[in-house]
Every structure is written in C-alpha cells, then in structure tokens.
$ cat upload03.pdb   # PDB, C-alpha atoms
ATOM      1  CA  ALA A   1     104.274  86.504  97.875  1.00  0.00           C
ATOM      2  CA  GLN A   2     104.102  89.966  99.293  1.00  0.00           C
ATOM      3  CA  SER A   3     101.454  92.583  99.860  1.00  0.00           C
ATOM      4  CA  VAL A   4     101.037  95.936 101.519  1.00  0.00           C
ATOM      5  CA  THR A   5      97.967  97.605 102.986  1.00  0.00           C
ATOM      6  CA  GLN A   6      97.728 101.263 103.780  1.00  0.00           C
ATOM      7  CA  LEU A   7      94.979 101.383 106.314  1.00  0.00           C
ATOM      8  CA  ASP A   8      93.774 104.921 105.618  1.00  0.00           C
ATOM      9  CA  SER A   9      93.119 106.372 102.190  1.00  0.00           C
ATOM     10  CA  HIS A  10      92.835 109.883 103.634  1.00  0.00           C
ATOM     11  CA  VAL A  11      94.267 111.452 106.775  1.00  0.00           C
ATOM     12  CA  SER A  12      93.589 115.012 107.856  1.00  0.00           C
ATOM     13  CA  VAL A  13      95.535 116.770 110.603  1.00  0.00           C
ATOM     14  CA  SER A  14      95.993 120.313 111.822  1.00  0.00           C
ATOM     15  CA  GLU A  15      99.284 122.065 111.378  1.00  0.00           C
ATOM     16  CA  GLY A  16     101.540 121.439 114.351  1.00  0.00           C
ATOM     17  CA  THR A  17      99.848 118.173 115.384  1.00  0.00           C
ATOM     18  CA  PRO A  18     101.314 114.671 115.001  1.00  0.00           C
ATOM     19  CA  VAL A  19     101.016 112.651 111.827  1.00  0.00           C
ATOM     20  CA  LEU A  20     100.434 108.888 111.723  1.00  0.00           C
ATOM     21  CA  LEU A  21     100.117 107.042 108.421  1.00  0.00           C
ATOM     22  CA  ARG A  22      99.577 103.329 108.869  1.00  0.00           C
ATOM     23  CA  CYS A  23     101.009 100.519 106.782  1.00  0.00           C
ATOM     24  CA  ASN A  24     100.820  96.750 107.225  1.00  0.00           C
ATOM     25  CA  TYR A  25     102.701  94.310 105.070  1.00  0.00           C
ATOM     26  CA  SER A  26     103.140  90.648 104.362  1.00  0.00           C
ATOM     27  CA  SER A  27     106.195  89.028 102.865  1.00  0.00           C
ATOM     28  CA  SER A  28     107.612  85.564 102.487  1.00  0.00           C
ATOM     29  CA  TYR A  29     111.126  86.871 102.976  1.00  0.00           C
ATOM     30  CA  SER A  30     112.786  89.359 105.250  1.00  0.00           C
ATOM     31  CA  PRO A  31     111.378  92.429 103.603  1.00  0.00           C
ATOM     32  CA  SER A  32     112.731  95.811 102.731  1.00  0.00           C
ATOM     33  CA  LEU A  33     110.191  98.538 103.383  1.00  0.00           C
ATOM     34  CA  PHE A  34     109.984 102.040 102.017  1.00  0.00           C
ATOM     35  CA  TRP A  35     107.891 105.177 102.240  1.00  0.00           C
ATOM     36  CA  TYR A  36     107.603 107.536  99.282  1.00  0.00           C
ATOM     37  CA  VAL A  37     105.966 110.950  99.102  1.00  0.00           C
ATOM     38  CA  GLN A  38     104.368 112.479  96.038  1.00  0.00           C
ATOM     39  CA  HIS A  39     103.511 116.145  95.996  1.00  0.00           C
ATOM     40  CA  PRO A  40     100.958 117.365  93.441  1.00  0.00           C
ATOM     41  CA  ASN A  41     102.203 117.151  89.867  1.00  0.00           C
ATOM     42  CA  LYS A  42     105.521 115.717  91.005  1.00  0.00           C
ATOM     43  CA  GLY A  43     107.270 112.357  90.941  1.00  0.00           C
ATOM     44  CA  LEU A  44     107.634 109.995  93.876  1.00  0.00           C
ATOM     45  CA  GLN A  45     110.411 110.886  96.285  1.00  0.00           C
ATOM     46  CA  LEU A  46     111.978 108.431  98.722  1.00  0.00           C
ATOM     47  CA  LEU A  47     111.241 109.451 102.321  1.00  0.00           C
ATOM     48  CA  LEU A  48     112.938 106.600 104.147  1.00  0.00           C
ATOM     49  CA  LYS A  49     113.729 102.906 103.961  1.00  0.00           C
ATOM     50  CA  TYR A  50     114.163  99.900 106.227  1.00  0.00           C
ATOM     51  CA  THR A  51     116.573  97.205 105.118  1.00  0.00           C
ATOM     52  CA  SER A  52     117.110  95.026 108.223  1.00  0.00           C
ATOM     53  CA  ALA A  53     119.289  97.422 110.177  1.00  0.00           C
ATOM     54  CA  ALA A  54     117.828  99.583 112.966  1.00  0.00           C
ATOM     55  CA  THR A  55     114.085  99.116 113.355  1.00  0.00           C
ATOM     56  CA  LEU A  56     113.478 102.840 113.866  1.00  0.00           C
ATOM     57  CA  VAL A  57     114.277 104.586 110.634  1.00  0.00           C
ATOM     58  CA  LYS A  58     114.634 108.327 110.260  1.00  0.00           C
ATOM     59  CA  GLY A  59     113.919 109.976 106.959  1.00  0.00           C
ATOM     60  CA  ILE A  60     113.809 113.376 105.404  1.00  0.00           C
ATOM     61  CA  ASN A  61     111.649 116.289 106.560  1.00  0.00           C
ATOM     62  CA  GLY A  62     111.341 114.975 110.110  1.00  0.00           C
ATOM     63  CA  PHE A  63     109.542 111.749 109.232  1.00  0.00           C
ATOM     64  CA  GLU A  64     110.362 108.428 110.796  1.00  0.00           C
ATOM     65  CA  ALA A  65     108.983 104.901 110.722  1.00  0.00           C
ATOM     66  CA  GLU A  66     109.302 101.896 112.962  1.00  0.00           C
ATOM     67  CA  PHE A  67     109.532  98.343 111.674  1.00  0.00           C
ATOM     68  CA  LYS A  68     107.555  96.020 113.949  1.00  0.00           C
ATOM     69  CA  LYS A  69     107.919  92.448 112.815  1.00  0.00           C
ATOM     70  CA  SER A  70     105.482  91.062 115.389  1.00  0.00           C
ATOM     71  CA  GLU A  71     102.786  93.404 114.119  1.00  0.00           C
ATOM     72  CA  THR A  72     103.908  93.315 110.463  1.00  0.00           C
ATOM     73  CA  SER A  73     103.663  97.081 110.464  1.00  0.00           C
ATOM     74  CA  PHE A  74     105.738  99.983 109.211  1.00  0.00           C
ATOM     75  CA  HIS A  75     103.817 103.089 110.244  1.00  0.00           C
ATOM     76  CA  LEU A  76     105.053 106.538 109.258  1.00  0.00           C
ATOM     77  CA  THR A  77     105.062 109.300 111.855  1.00  0.00           C
ATOM     78  CA  LYS A  78     106.009 112.907 112.283  1.00  0.00           C
ATOM     79  CA  PRO A  79     105.733 114.824 115.576  1.00  0.00           C
ATOM     80  CA  SER A  80     104.447 118.066 114.101  1.00  0.00           C
ATOM     81  CA  ALA A  81     102.790 118.477 110.713  1.00  0.00           C
ATOM     82  CA  HIS A  82     103.681 121.312 108.401  1.00  0.00           C
ATOM     83  CA  MET A  83     101.566 122.653 105.582  1.00  0.00           C
ATOM     84  CA  SER A  84     104.204 121.485 103.107  1.00  0.00           C
ATOM     85  CA  ASP A  85     103.616 117.874 104.225  1.00  0.00           C
ATOM     86  CA  ALA A  86     100.310 117.804 102.371  1.00  0.00           C
ATOM     87  CA  ALA A  87     100.849 115.120  99.728  1.00  0.00           C
ATOM     88  CA  GLU A  88     100.221 111.492  98.899  1.00  0.00           C
ATOM     89  CA  TYR A  89     102.277 108.873 100.688  1.00  0.00           C
ATOM     90  CA  PHE A  90     103.027 105.363  99.470  1.00  0.00           C
ATOM     91  CA  CYS A  91     104.209 102.423 101.538  1.00  0.00           C
ATOM     92  CA  VAL A  92     106.229  99.864  99.575  1.00  0.00           C
ATOM     93  CA  VAL A  93     107.424  96.349 100.342  1.00  0.00           C
ATOM     94  CA  SER A  94     110.138  94.492  98.482  1.00  0.00           C
ATOM     95  CA  ASP A  95     111.374  90.985  99.026  1.00  0.00           C
ATOM     96  CA  GLY A  96     114.852  92.316  98.334  1.00  0.00           C
ATOM     97  CA  VAL A  97     115.911  88.931  97.070  1.00  0.00           C
ATOM     98  CA  THR A  98     116.722  90.123  93.597  1.00  0.00           C
ATOM     99  CA  ASN A  99     117.641  93.783  93.795  1.00  0.00           C
ATOM    100  CA  ALA A 100     114.394  95.693  94.198  1.00  0.00           C
ATOM    101  CA  GLY A 101     112.590  92.817  92.558  1.00  0.00           C
ATOM    102  CA  LYS A 102     108.988  93.516  91.837  1.00  0.00           C
ATOM    103  CA  SER A 103     108.227  95.842  94.704  1.00  0.00           C
ATOM    104  CA  THR A 104     104.609  96.116  95.794  1.00  0.00           C
ATOM    105  CA  PHE A 105     103.112  99.557  96.322  1.00  0.00           C
ATOM    106  CA  GLY A 106     100.250 100.389  98.633  1.00  0.00           C
ATOM    107  CA  ASP A 107      97.281 102.307  97.300  1.00  0.00           C
ATOM    108  CA  GLY A 108      98.479 105.513  98.904  1.00  0.00           C
ATOM    109  CA  THR A 109      97.335 107.781 101.718  1.00  0.00           C
ATOM    110  CA  THR A 110      96.442 111.378 101.004  1.00  0.00           C
ATOM    111  CA  LEU A 111      97.540 113.659 103.819  1.00  0.00           C
ATOM    112  CA  THR A 112      95.723 116.943 104.240  1.00  0.00           C
ATOM    113  CA  VAL A 113      97.125 119.555 106.622  1.00  0.00           C
ATOM    114  CA  LYS A 114      94.723 122.193 107.886  1.00  0.00           C
ATOM    115  CA  PRO A 115      95.970 125.602 108.991  1.00  0.00           C
TER     116      PRO A 115
ATOM    117  CA  ASP B 116     123.937 111.999  90.467  1.00  0.00           C
ATOM    118  CA  ALA B 117     121.472 113.284  87.884  1.00  0.00           C
ATOM    119  CA  GLY B 118     118.733 110.889  88.899  1.00  0.00           C
ATOM    120  CA  VAL B 119     116.350 109.155  86.525  1.00  0.00           C
ATOM    121  CA  ILE B 120     115.813 111.333  83.474  1.00  0.00           C
ATOM    122  CA  GLN B 121     112.612 111.172  81.467  1.00  0.00           C
ATOM    123  CA  SER B 122     111.588 112.886  78.273  1.00  0.00           C
ATOM    124  CA  PRO B 123     109.419 114.476  77.185  1.00  0.00           C
ATOM    125  CA  ARG B 124     108.072 115.977  80.395  1.00  0.00           C
ATOM    126  CA  HIS B 125     104.806 116.919  78.733  1.00  0.00           C
ATOM    127  CA  GLU B 126     103.259 115.766  75.483  1.00  0.00           C
ATOM    128  CA  VAL B 127      99.943 116.452  73.854  1.00  0.00           C
ATOM    129  CA  THR B 128      99.172 114.325  70.835  1.00  0.00           C
ATOM    130  CA  GLU B 129      96.234 113.429  68.665  1.00  0.00           C
ATOM    131  CA  MET B 130      94.505 110.093  68.846  1.00  0.00           C
ATOM    132  CA  GLY B 131      96.100 107.591  66.501  1.00  0.00           C
ATOM    133  CA  GLN B 132      99.571 109.076  66.674  1.00  0.00           C
ATOM    134  CA  GLU B 133     102.601 107.196  67.918  1.00  0.00           C
ATOM    135  CA  VAL B 134     104.016 108.265  71.261  1.00  0.00           C
ATOM    136  CA  THR B 135     107.513 107.433  72.449  1.00  0.00           C
ATOM    137  CA  LEU B 136     108.579 108.078  76.011  1.00  0.00           C
ATOM    138  CA  ARG B 137     112.233 107.890  76.917  1.00  0.00           C
ATOM    139  CA  CYS B 138     114.133 107.100  80.072  1.00  0.00           C
ATOM    140  CA  LYS B 139     117.737 107.209  81.209  1.00  0.00           C
ATOM    141  CA  PRO B 140     118.171 105.280  84.468  1.00  0.00           C
ATOM    142  CA  ILE B 141     120.649 106.044  87.192  1.00  0.00           C
ATOM    143  CA  SER B 142     124.079 104.732  86.278  1.00  0.00           C
ATOM    144  CA  GLY B 143     124.815 101.402  87.940  1.00  0.00           C
ATOM    145  CA  HIS B 144     121.185 100.487  88.510  1.00  0.00           C
ATOM    146  CA  ASN B 145     120.294  97.220  86.861  1.00  0.00           C
ATOM    147  CA  SER B 146     116.520  97.248  87.275  1.00  0.00           C
ATOM    148  CA  LEU B 147     114.228  99.580  85.375  1.00  0.00           C
ATOM    149  CA  PHE B 148     110.507 100.030  85.782  1.00  0.00           C
ATOM    150  CA  TRP B 149     107.745 101.756  83.828  1.00  0.00           C
ATOM    151  CA  TYR B 150     104.677 102.854  85.803  1.00  0.00           C
ATOM    152  CA  ARG B 151     101.470 104.591  84.793  1.00  0.00           C
ATOM    153  CA  GLN B 152      99.493 106.774  87.161  1.00  0.00           C
ATOM    154  CA  THR B 153      95.918 107.980  86.747  1.00  0.00           C
ATOM    155  CA  MET B 154      93.312 109.291  89.143  1.00  0.00           C
ATOM    156  CA  MET B 155      91.051 106.336  88.451  1.00  0.00           C
ATOM    157  CA  ARG B 156      93.554 103.481  88.653  1.00  0.00           C
ATOM    158  CA  GLY B 157      96.328 104.907  90.795  1.00  0.00           C
ATOM    159  CA  LEU B 158      99.903 103.750  90.245  1.00  0.00           C
ATOM    160  CA  GLU B 159     100.274 100.699  87.993  1.00  0.00           C
ATOM    161  CA  LEU B 160     103.425  98.785  87.144  1.00  0.00           C
ATOM    162  CA  LEU B 161     103.512  98.271  83.384  1.00  0.00           C
ATOM    163  CA  ILE B 162     106.798  96.426  82.902  1.00  0.00           C
ATOM    164  CA  TYR B 163     110.129  95.946  84.538  1.00  0.00           C
ATOM    165  CA  PHE B 164     113.554  94.998  83.244  1.00  0.00           C
ATOM    166  CA  ASN B 165     116.478  93.402  85.020  1.00  0.00           C
ATOM    167  CA  ASN B 166     119.865  93.675  83.312  1.00  0.00           C
ATOM    168  CA  ASN B 167     118.093  94.979  80.205  1.00  0.00           C
ATOM    169  CA  VAL B 168     115.863  91.900  79.977  1.00  0.00           C
ATOM    170  CA  PRO B 169     112.091  92.238  80.386  1.00  0.00           C
ATOM    171  CA  ILE B 170     111.140  90.225  83.453  1.00  0.00           C
ATOM    172  CA  ASP B 171     107.455  90.963  83.853  1.00  0.00           C
ATOM    173  CA  ASP B 172     105.273  92.726  81.312  1.00  0.00           C
ATOM    174  CA  SER B 173     101.960  91.524  82.684  1.00  0.00           C
ATOM    175  CA  GLY B 174     100.939  95.085  83.417  1.00  0.00           C
ATOM    176  CA  MET B 175     101.209  96.259  79.836  1.00  0.00           C
ATOM    177  CA  PRO B 176      97.594  97.027  78.977  1.00  0.00           C
ATOM    178  CA  GLU B 177      97.497  95.788  75.388  1.00  0.00           C
ATOM    179  CA  ASP B 178      99.484  95.273  72.222  1.00  0.00           C
ATOM    180  CA  ARG B 179      99.502  98.975  71.490  1.00  0.00           C
ATOM    181  CA  PHE B 180     102.084  99.307  74.255  1.00  0.00           C
ATOM    182  CA  SER B 181     105.658  98.153  73.866  1.00  0.00           C
ATOM    183  CA  ALA B 182     108.846  98.760  75.835  1.00  0.00           C
ATOM    184  CA  LYS B 183     112.468  98.226  75.009  1.00  0.00           C
ATOM    185  CA  MET B 184     115.760  98.511  76.790  1.00  0.00           C
ATOM    186  CA  PRO B 185     118.516  98.244  74.190  1.00  0.00           C
ATOM    187  CA  ASN B 186     121.261  98.991  76.720  1.00  0.00           C
ATOM    188  CA  ALA B 187     121.795  99.705  80.387  1.00  0.00           C
ATOM    189  CA  SER B 188     121.390 103.454  79.987  1.00  0.00           C
ATOM    190  CA  PHE B 189     118.273 103.802  77.880  1.00  0.00           C
ATOM    191  CA  SER B 190     114.709 102.582  77.677  1.00  0.00           C
ATOM    192  CA  THR B 191     111.634 103.524  75.681  1.00  0.00           C
ATOM    193  CA  LEU B 192     107.922 103.040  76.150  1.00  0.00           C
ATOM    194  CA  LYS B 193     105.970 103.279  72.929  1.00  0.00           C
ATOM    195  CA  ILE B 194     102.241 103.595  72.370  1.00  0.00           C
ATOM    196  CA  GLN B 195     101.023 103.006  68.832  1.00  0.00           C
ATOM    197  CA  PRO B 196      98.342 104.023  68.064  1.00  0.00           C
ATOM    198  CA  SER B 197      97.570 106.250  71.019  1.00  0.00           C
ATOM    199  CA  GLU B 198      94.041 106.649  72.385  1.00  0.00           C
ATOM    200  CA  PRO B 199      92.504 109.225  74.739  1.00  0.00           C
ATOM    201  CA  ARG B 200      92.324 106.646  77.530  1.00  0.00           C
ATOM    202  CA  ASP B 201      96.126 106.463  77.484  1.00  0.00           C
ATOM    203  CA  SER B 202      96.260 109.952  78.960  1.00  0.00           C
ATOM    204  CA  ALA B 203      98.201 109.603  82.194  1.00  0.00           C
ATOM    205  CA  VAL B 204     101.491 110.291  83.874  1.00  0.00           C
ATOM    206  CA  TYR B 205     104.118 107.723  82.964  1.00  0.00           C
ATOM    207  CA  PHE B 206     106.952 107.238  85.409  1.00  0.00           C
ATOM    208  CA  CYS B 207     110.238 105.545  84.789  1.00  0.00           C
ATOM    209  CA  ALA B 208     112.169 104.303  87.809  1.00  0.00           C
ATOM    210  CA  SER B 209     115.420 102.487  88.358  1.00  0.00           C
ATOM    211  CA  SER B 210     116.946 100.597  91.245  1.00  0.00           C
ATOM    212  CA  SER B 211     119.733  98.563  92.643  1.00  0.00           C
ATOM    213  CA  ARG B 212     118.065  97.900  96.012  1.00  0.00           C
ATOM    214  CA  THR B 213     115.989 101.087  96.274  1.00  0.00           C
ATOM    215  CA  ILE B 214     113.673 102.420  93.596  1.00  0.00           C
ATOM    216  CA  TYR B 215     114.233 105.980  92.435  1.00  0.00           C
ATOM    217  CA  PHE B 216     111.669 107.675  90.239  1.00  0.00           C
ATOM    218  CA  GLY B 217     111.930 110.140  87.432  1.00  0.00           C
ATOM    219  CA  GLU B 218     109.777 113.248  87.360  1.00  0.00           C
ATOM    220  CA  GLY B 219     107.314 111.646  84.962  1.00  0.00           C
ATOM    221  CA  SER B 220     106.022 112.224  81.453  1.00  0.00           C
ATOM    222  CA  TRP B 221     102.593 113.878  81.379  1.00  0.00           C
ATOM    223  CA  LEU B 222     100.767 112.501  78.326  1.00  0.00           C
ATOM    224  CA  THR B 223      97.515 113.900  76.981  1.00  0.00           C
ATOM    225  CA  VAL B 224      95.896 112.232  73.973  1.00  0.00           C
ATOM    226  CA  VAL B 225      93.121 114.283  72.396  1.00  0.00           C
TER     227      VAL B 225
END
$ encode --input "upload03.pdb" --output "structure tokens"
Amino acid sequence: AQSVTQLDSHVSVSEGTPVLLRCNYSSSYSPSLFWYVQHPNKGLQLLLKYTSAATLVKGINGFEAEFKKSETSFHLTKPSAHMSDAAEYFCVVSDGVTNAGKSTFGDGTTLTVKP
Amino acid sequence: DAGVIQSPRHEVTEMGQEVTLRCKPISGHNSLFWYRQTMMRGLELLIYFNNNVPIDDSGMPEDRFSAKMPNASFSTLKIQPSEPRDSAVYFCASSSRTIYFGEGSWLTVV
C-alpha cells in the first residue's frame, strides 16, 4: 500500500523568498517519487523525480527536492520564488514495481507568489 | 517526442449526447491512464491500462462511462449519455516508469 500527504493545501510567499512545499509518503516498496506542476488551465508537467539514485534531485525552473527515507519525506524547495511559479503542485508516489503502476497523487498545494 | 496527444481540447455538448475523448500515448509507453479533474473533487484516476489491458477501472463513476484501448497507440473515453455533472477536465497520461500528461480535454455539458 502507498499513500502521500501534502501537508499544506495553500502556501503563500513573496517574490524572491524561498519556497517550501511539504510532502510525506508511505510505501511498502522502495518508492519512486515525483513532483508535478499545473499552471492554470494547463496540464500537469513533470518537475522532477526520484528513482533511488541521488537523494537530492534537481528539477526544472530551479526547483529541487530531497528524499529523506528516515523522515519519509520528499519536500520541494526553491531558493527564490518567481511570479511565474504560482501554480498547483502535486507530490506523487509510485511503488515502481510494475512500470508506473497505480501511482498515488497528493491532494495538491496551491502556491501563491506575492509581488 | 510529441508527448501525449488528446482530442478534442475543448468540447461543449448538450445533456444526453454521447461524448468521445481520444488519446494517443507516447510511443513505447505501455501504461495509459485517464484522469478527471474538477474543482470540487480534485484529480481522480478513472481507469488505467497496462499493455492495452484495463487493470483498474474502480474509479469509473458509473456505467455511462467506458474506456477502450484497442491498440498501443490509441485509447478512448466515452460518456453516454452525458450529464452536466460530467463537466470537467479529462486528462490522459502515459508512462513507462514516469507518468506524462496530455494537455487535457475541457468538457462542458449544458
């Protein structure tokens, strides 16, 4: 069984300040973990993924996430927010046993960036 | 790579009409997913296929919904008859180990 919890439904930051979107997971297997971003009226775009290689994963647009097995976390960070980062972000866990299997999506975190 | 291709991008239809949404997955991907997204319910997995075989359709809301994948490069999601509460964005996605989404089909049933 697997599950994912995004700890904040809404996060608001000022432009130029750090971003932290929190995600905790549970999985019976060694999981693969993903972050997706969805801008308004758009599809979901892959930001980054962890698949048992380096625990610090760098993605597009300056985002990165760190896999911490002891904390069962995969938080998404960015040093300096930009207005274009305003979007909804989804954390996803997959058991990876059978291709992407039935991946489990978090409920999403809406990021607001204030000027 | 062209990515996951969905059609139509937007559709407005009258209640009771049949709606067919189409999807072409990324070549080489052997899993295909249909999701529905609404403000009220968020992102819901409707059905997923592995090697063209439906594996889990527990998310399909009712018998009015059906999905097929006749070959590795094509899938359809059909709603018959459509109802206003079916209005949503329907996403198709495909994967080998990572899920890639299409741009979605925006459906409005009036």
$ closest_residue --input "upload03.pdb" --among "B:Asn166, B:Ser122, B:Thr135, B:Ser210" --to "chain A" --atoms "only C-alpha atoms"
B:Ser210
$ resolve_selection --input "upload03.pdb" --expression "the PyMOL selection byres ((chain A) within 12 of (chain B))" --output "JSON, numbers by chain"
{"A": [9, 31, 32, 33, 34, 35, 36, 37, 38, 39, 40, 41, 42, 43, 44, 45, 46, 47, 48, 49, 50, 51, 88, 89, 90, 92, 93, 94, 95, 96, 97, 98, 99, 100, 101, 102, 103, 104, 105, 106, 107, 108, 109]}
$ closest_residue --input "upload03.pdb" --among "A:Thr55, A:Gln6, A:Thr17, A:Asn61" --to "A:Ala81" --atoms "only C-alpha atoms"
A:Thr17
$ resolve_selection --input "upload03.pdb" --expression "the PyMOL selection byres ((chain A and resi 12) around 10)" --output "tab-separated table (two decimals) with C-alpha atoms, in the frame of the given file"
chain	number	residue	atom	x	y	z
A	10	HIS	CA	92.84	109.88	103.63
A	11	VAL	CA	94.27	111.45	106.78
A	13	VAL	CA	95.54	116.77	110.60
A	14	SER	CA	95.99	120.31	111.82
A	15	GLU	CA	99.28	122.06	111.38
A	19	VAL	CA	101.02	112.65	111.83
A	20	LEU	CA	100.43	108.89	111.72
A	86	ALA	CA	100.31	117.80	102.37
A	110	THR	CA	96.44	111.38	101.00
A	111	LEU	CA	97.54	113.66	103.82
A	112	THR	CA	95.72	116.94	104.24
A	113	VAL	CA	97.12	119.56	106.62
A	114	LYS	CA	94.72	122.19	107.89
$ atom_distance --input "upload03.pdb" --atom1 "atom CA of A:Ala65" --atom2 "atom CA of A:Gln2"
19.4 Å
$ residues_around --input "upload03.pdb" --residues "stretch 180-194 of chain B" --least-positions-apart "3" --cutoff "7 Å" --atoms "all atoms listed in the file" --output "list of chain:residue names"
B:Glu133, B:Val134, B:Thr135, B:Leu136, B:Arg137, B:Cys138, B:Lys139, B:Pro140, B:Ser142, B:Asn166, B:Asn167, B:Met175, B:Pro176, B:Glu177, B:Ser197
$ atom_distance --input "upload03.pdb" --atom1 "atom CA of B:Val224" --atom2 "atom CA of B:Trp149"
18.6 Å
$ residues_around --input "upload03.pdb" --residues "stretch 71-79 of chain A" --least-positions-apart "2" --cutoff "6 Å" --atoms "only C-alpha atoms" --output "ChimeraX atom specification"
/A:18-25,63-69
$ resolve_selection --input "upload03.pdb" --expression "the PyMOL selection byres ((chain A and resi 27) around 6)" --output "list in words"
Ala1, Gln2, Ser26, Ser28 and Tyr29 of chain A
$ atom_distance --input "upload03.pdb" --atom1 "atom CA of B:Arg200" --atom2 "atom CA of B:Glu126"
14.4 Å
$ axis_aligned_box --input "upload03.pdb" --around "stretch 208-214 of chain B" --padding-each-side "5 Å" --output "lines of an AutoDock Vina configuration file"
center_x = 116.0
center_y = 101.1
center_z = 92.0
size_x = 17.6
size_y = 16.4
size_z = 18.5
$ closest_residue --input "upload03.pdb" --among "B:Gly131, B:Val119, B:Gly143, B:Arg124" --to "B:Val225" --atoms "only C-alpha atoms"
B:Gly131
$ residues_near_point --input "upload03.pdb" --point "(101.3, 124.6, 107.6)" --cutoff "6 Å" --atoms "all atoms listed in the file" --output "ChimeraX atom specification"
/A:15,82-83,115
$ closest_residue --input "upload03.pdb" --among "A:Ser30, A:Ala53, A:Gly62, A:Val4" --to "A:Asp85" --atoms "only C-alpha atoms"
A:Gly62
